[in-house]
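Asks: I have a structure I would like to understand better, so I am pasting it below and will then ask my questions one at a time.
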Amino acid sequence: NESIVTVDGTGAAGTSVGTYTSLVLDANGFPVISYRDSTNTNLKLAHCNDVNCAGNNESIQTVDGAGGFNVGQYNSLALDASGFPVISYQDGGTLDLKLVHCNDANCAGINESIVTVVSTGAVGQYTSLKLYNGNPVISYYDINDATNLDPSATGNLKLVRCDDPNCAGGNDVPQLLDGATTDVGQYTSLALDAGKAVVSYRAN
């Protein structure tokens, strides 16, 4: 007898929403969910106004996707001290690691901060995001082949630590955490130990 609710979905044939979800609870215990709308290739955010998302009047916003392609893959969500969403994700069109920092709890202001954090190579898969002193820390997978995405290419586990809440300084340098001869860094999960990164991941 659990509560199972459709949060976003028109039910029309051919529509697909809800891939790459990430969930946190706001200060009231209401779900906040980032996810990809696969039909429109957008990054979206749902902020429920009850604990079960059962009101049928939740806030659902497109956060990034105007003219984009495959935006919102591999997203990871956190809330800042004001309860505003911060989301790391991959732009599948440019193969960049991006970050959006909303300026309201629903990402409804249409003037959110959207920044490309890392654009060298094919980056941004399997992101995991945490905030430290309000600044994003992101682990991710770097495919070490930006030209043809050769599936046999060696990938690396990397981490970028931003020095401002929006990663807008342009001087956030990615760090190589593991780059062994085998392919490493998929399916990352990040935690912080007094600011120090602890990351689990797959080594192929």
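Chain labels A, B, ... are given in the sequence in which chains occur in the structure tokens; within each chain residues are numbered consecutively from 1, and ligands are likewise numbered from 1 in the order shown.
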What lies within 8 Å of Val71 in chain A using only C-alpha atoms, ignoring chain neighbours under 6 positions off, as a PyMOL selection string?

Replies: chain A and resi 36+41-43+64-65+89-93

Asks: So which residues touch range 2-10 of chain A within 9 Å, counting only C-alpha atoms, skipping near sequence neighbours fewer than 5 positions away, as an NGL selection string?

Replies: :A and (15-18 or 46 or 48 or 52-54 or 56 or 58 or 60)

Asks: Can I get the selected residues back with N, CA and C atoms, as a compact mmCIF listing (two decimals), in the first residue's frame?

Replies:
# COMPACT_ATOMS: atom_id res chain seq x y z
N THR A 15 6.09 9.35 -25.81
CA THR A 15 6.72 10.27 -24.88
C THR A 15 7.56 9.48 -23.88
N SER A 16 8.63 10.10 -23.42
CA SER A 16 9.52 9.43 -22.47
C SER A 16 10.13 10.48 -21.55
N VAL A 17 9.81 10.39 -20.27
CA VAL A 17 10.39 11.29 -19.27
C VAL A 17 10.88 10.46 -18.08
N GLY A 18 11.83 11.01 -17.37
CA GLY A 18 12.22 10.38 -16.12
C GLY A 18 13.50 9.58 -16.15
N ALA A 46 11.26 18.77 -10.96
CA ALA A 46 9.95 18.74 -10.31
C ALA A 46 10.14 19.01 -8.83
N CYS A 48 7.81 19.01 -5.58
CA CYS A 48 6.48 18.64 -5.09
C CYS A 48 6.06 19.52 -3.93
N ASN A 52 4.19 13.17 -0.92
CA ASN A 52 4.00 12.08 -1.88
C ASN A 52 3.89 12.54 -3.32
N CYS A 53 4.04 13.84 -3.57
CA CYS A 53 3.86 14.38 -4.93
C CYS A 53 2.48 14.02 -5.47
N ALA A 54 1.50 14.05 -4.60
CA ALA A 54 0.17 13.54 -4.94
C ALA A 54 -0.84 14.64 -5.25
N ASN A 56 -1.08 16.66 -7.83
CA ASN A 56 -1.33 16.91 -9.25
C ASN A 56 -1.13 18.37 -9.64
N GLU A 58 2.18 19.93 -8.99
CA GLU A 58 3.58 20.14 -8.62
C GLU A 58 4.22 21.15 -9.57
N ILE A 60 6.78 21.88 -12.18
CA ILE A 60 7.61 21.16 -13.15
C ILE A 60 8.19 22.19 -14.11

Asks: Run DSSP on the backbone and grab whatever in range 88-136 of chain A lands in strand (DSSP E); send it over as number ranges by chain.

Replies: A: 88-91, 96-101, 113-118, 122-132, 135-136

Asks: Quick one: of A:Lys196, A:Lys44, A:Lys158, A:Arg202, who's nearest to Leu177 in chain A, counting only C-alpha atoms?

Replies: A:Lys158

Asks: Do a neighbour search on range 111-127 of chain A at 7 Å with only C-alpha atoms, toss out local chain neighbours closer than 6 positions, and write the hits as a count of residues only.

Replies: 30

Asks: Would you list the contacts of Asp50 in chain A as a short mmCIF file (atom, residue, chain, number, x, y, z; two decimals) with all heavy atoms, in the first residue's frame, taking every protein, DNA or RNA residue within 9 Å and counting only C-alpha atoms, but skipping same-chain residues closer than 6 positions in sequence?

Replies:
data_model
loop_
_atom_site.label_atom_id
_atom_site.label_comp_id
_atom_site.auth_asym_id
_atom_site.auth_seq_id
_atom_site.Cartn_x
_atom_site.Cartn_y
_atom_site.Cartn_z
N ASN A 28 10.93 20.82 4.13
CA ASN A 28 9.62 20.33 4.57
C ASN A 28 9.45 18.84 4.34
O ASN A 28 8.39 18.29 4.64
CB ASN A 28 8.51 21.09 3.83
CG ASN A 28 8.48 22.56 4.15
OD1 ASN A 28 8.53 22.95 5.31
ND2 ASN A 28 8.41 23.39 3.11
N GLY A 29 10.47 18.21 3.79
CA GLY A 29 10.36 16.79 3.46
C GLY A 29 9.68 16.53 2.14
O GLY A 29 9.32 15.39 1.84
N PHE A 30 9.52 17.58 1.31
CA PHE A 30 8.88 17.43 0.01
C PHE A 30 9.94 17.05 -1.04
O PHE A 30 11.03 17.64 -1.06
CB PHE A 30 8.18 18.71 -0.42
CG PHE A 30 7.08 19.18 0.49
CD1 PHE A 30 6.57 20.46 0.38
CD2 PHE A 30 6.56 18.35 1.48
CE1 PHE A 30 5.56 20.90 1.21
CE2 PHE A 30 5.54 18.78 2.33
CZ PHE A 30 5.04 20.07 2.19
N PRO A 31 9.64 16.11 -1.93
CA PRO A 31 10.63 15.69 -2.93
C PRO A 31 10.96 16.78 -3.94
O PRO A 31 10.08 17.52 -4.41
CB PRO A 31 9.95 14.50 -3.62
CG PRO A 31 8.97 13.98 -2.60
CD PRO A 31 8.46 15.20 -1.92
N GLU A 58 2.18 19.93 -8.99
CA GLU A 58 3.58 20.14 -8.62
C GLU A 58 4.22 21.15 -9.57
O GLU A 58 3.77 21.34 -10.70
CB GLU A 58 4.34 18.81 -8.67
CG GLU A 58 3.61 17.59 -8.16
CD GLU A 58 3.05 17.70 -6.77
OE1 GLU A 58 3.60 18.49 -5.98
OE2 GLU A 58 2.05 17.03 -6.46
#

Asks: Enter the distance from CA of Gly170 in chain A to CA of Gln73 in chain A, in Å, rounded to one decimal.

Replies: 22.3 Å

Asks: Leu45 in chain A: which residues within 9 Å, counting only C-alpha atoms, same-chain residues fewer than 6 positions away excluded, as a ChimeraX atom specification?

Replies: /A:32-36,59-63,85,106-107

Asks: Restricting it to all heavy atoms, dump the selection as a tab-separated table (two decimals), in the first residue's frame.

Replies:
chain	number	residue	atom	x	y	z
A	32	VAL	N	12.24	16.84	-4.27
A	32	VAL	CA	12.74	17.65	-5.36
A	32	VAL	C	13.49	16.68	-6.27
A	32	VAL	O	14.38	15.97	-5.81
A	32	VAL	CB	13.69	18.77	-4.87
A	32	VAL	CG1	14.11	19.67	-6.03
A	32	VAL	CG2	13.03	19.59	-3.76
A	33	ILE	N	13.13	16.66	-7.55
A	33	ILE	CA	13.65	15.64	-8.47
A	33	ILE	C	14.17	16.30	-9.74
A	33	ILE	O	13.43	17.02	-10.41
A	33	ILE	CB	12.56	14.62	-8.85
A	33	ILE	CG1	11.81	14.10	-7.62
A	33	ILE	CG2	13.17	13.45	-9.63
A	33	ILE	CD1	10.51	13.40	-7.94
A	34	SER	N	15.43	16.05	-10.05
A	34	SER	CA	15.95	16.42	-11.36
A	34	SER	C	15.91	15.17	-12.25
A	34	SER	O	16.10	14.06	-11.78
A	34	SER	CB	17.38	16.96	-11.26
A	34	SER	OG	18.26	15.99	-10.72
A	35	TYR	N	15.66	15.39	-13.54
A	35	TYR	CA	15.53	14.26	-14.45
A	35	TYR	C	15.60	14.76	-15.89
A	35	TYR	O	15.54	15.96	-16.16
A	35	TYR	CB	14.22	13.50	-14.23
A	35	TYR	CG	12.97	14.33	-14.39
A	35	TYR	CD1	12.22	14.29	-15.55
A	35	TYR	CD2	12.54	15.18	-13.37
A	35	TYR	CE1	11.07	15.05	-15.71
A	35	TYR	CE2	11.40	15.95	-13.50
A	35	TYR	CZ	10.67	15.88	-14.67
A	35	TYR	OH	9.53	16.65	-14.82
A	36	ARG	N	15.72	13.82	-16.79
A	36	ARG	CA	15.79	14.16	-18.21
A	36	ARG	C	14.47	13.82	-18.89
A	36	ARG	O	13.92	12.74	-18.70
A	36	ARG	CB	16.92	13.39	-18.88
A	36	ARG	CG	17.08	13.71	-20.36
A	36	ARG	CD	18.36	13.09	-20.91
A	36	ARG	NE	18.51	13.32	-22.34
A	36	ARG	CZ	18.17	12.46	-23.29
A	36	ARG	NH1	17.70	11.27	-22.96
A	36	ARG	NH2	18.35	12.76	-24.57
A	59	SER	N	5.28	21.77	-9.11
A	59	SER	CA	6.05	22.65	-9.99
A	59	SER	C	6.95	21.80	-10.87
A	59	SER	O	7.79	21.05	-10.37
A	59	SER	CB	6.90	23.62	-9.16
A	59	SER	OG	7.82	24.31	-9.98
A	60	ILE	N	6.78	21.88	-12.18
A	60	ILE	CA	7.61	21.16	-13.15
A	60	ILE	C	8.19	22.19	-14.11
A	60	ILE	O	7.43	22.87	-14.81
A	60	ILE	CB	6.81	20.08	-13.89
A	60	ILE	CG1	6.30	19.03	-12.90
A	60	ILE	CG2	7.65	19.42	-14.97
A	60	ILE	CD1	5.43	17.96	-13.50
A	61	GLN	N	9.50	22.29	-14.13
A	61	GLN	CA	10.17	23.31	-14.92
A	61	GLN	C	11.22	22.69	-15.83
A	61	GLN	O	11.91	21.75	-15.44
A	61	GLN	CB	10.86	24.33	-14.00
A	61	GLN	CG	9.95	25.02	-13.00
A	61	GLN	CD	8.97	25.97	-13.65
A	61	GLN	OE1	9.23	26.49	-14.74
A	61	GLN	NE2	7.85	26.19	-13.00
A	62	THR	N	11.35	23.22	-17.03
A	62	THR	CA	12.48	22.91	-17.89
A	62	THR	C	13.63	23.81	-17.47
A	62	THR	O	13.52	25.04	-17.53
A	62	THR	CB	12.15	23.12	-19.37
A	62	THR	OG1	11.12	22.21	-19.75
A	62	THR	CG2	13.37	22.88	-20.24
A	63	VAL	N	14.72	23.21	-17.04
A	63	VAL	CA	15.84	23.98	-16.49
A	63	VAL	C	16.85	24.33	-17.57
A	63	VAL	O	17.37	25.44	-17.63
A	63	VAL	CB	16.53	23.19	-15.35
A	63	VAL	CG1	17.67	23.99	-14.75
A	63	VAL	CG2	15.50	22.82	-14.29
A	85	PRO	N	18.01	24.55	-5.98
A	85	PRO	CA	18.67	23.40	-6.61
A	85	PRO	C	19.98	23.76	-7.30
A	85	PRO	O	20.12	24.82	-7.93
A	85	PRO	CB	17.63	22.91	-7.63
A	85	PRO	CG	16.32	23.39	-7.10
A	85	PRO	CD	16.63	24.72	-6.49
A	106	ASN	N	12.25	26.45	-7.18
A	106	ASN	CA	11.62	25.67	-8.25
A	106	ASN	C	12.34	25.79	-9.59
A	106	ASN	O	11.88	25.22	-10.58
A	106	ASN	CB	10.16	26.10	-8.43
A	106	ASN	CG	9.30	25.80	-7.23
A	106	ASN	OD1	9.58	24.88	-6.47
A	106	ASN	ND2	8.25	26.58	-7.04
A	107	CYS	N	13.42	26.55	-9.64
A	107	CYS	CA	14.10	26.83	-10.91
A	107	CYS	C	13.13	27.46	-11.91
A	107	CYS	O	13.15	27.17	-13.10
A	107	CYS	CB	14.71	25.57	-11.52
A	107	CYS	SG	15.95	24.76	-10.49

Asks: Distance CA of Leu159 in chain A-CA of Ala197 in chain A, one decimal place?

Replies: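 Calculated distance between CA of Leu159 in chain A and CA of Ala197 in chain A is 8.6 Å.
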
Asks: For each of A:Leu129, A:Leu192, A:Ala203, A:Val137, take the minimum atom-to-atom distance to Gly155 in chain A, counting only C-alpha atoms, then give the residue where this is smallest.

Replies: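 Smallest separation from Gly155 in chain A among the options: A:Ala203.
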
Asks: For each of A:Leu157, A:Leu79, A:Ala108, A:Val184, take the minimum atom-to-atom distance to Pro136 in chain A, counting only C-alpha atoms, then give the residue where this is smallest.

Replies: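 For Pro136 in chain A, the nearest of the given residues is A:Leu79.
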
Asks: Quick check, in Å to one decimal: how far apart do CA of Asn57 in chain A and CA of Ser22 in chain A lie?

Replies: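 Atom-to-atom, CA of Asn57 in chain A and CA of Ser22 in chain A are spaced 20.1 Å apart.
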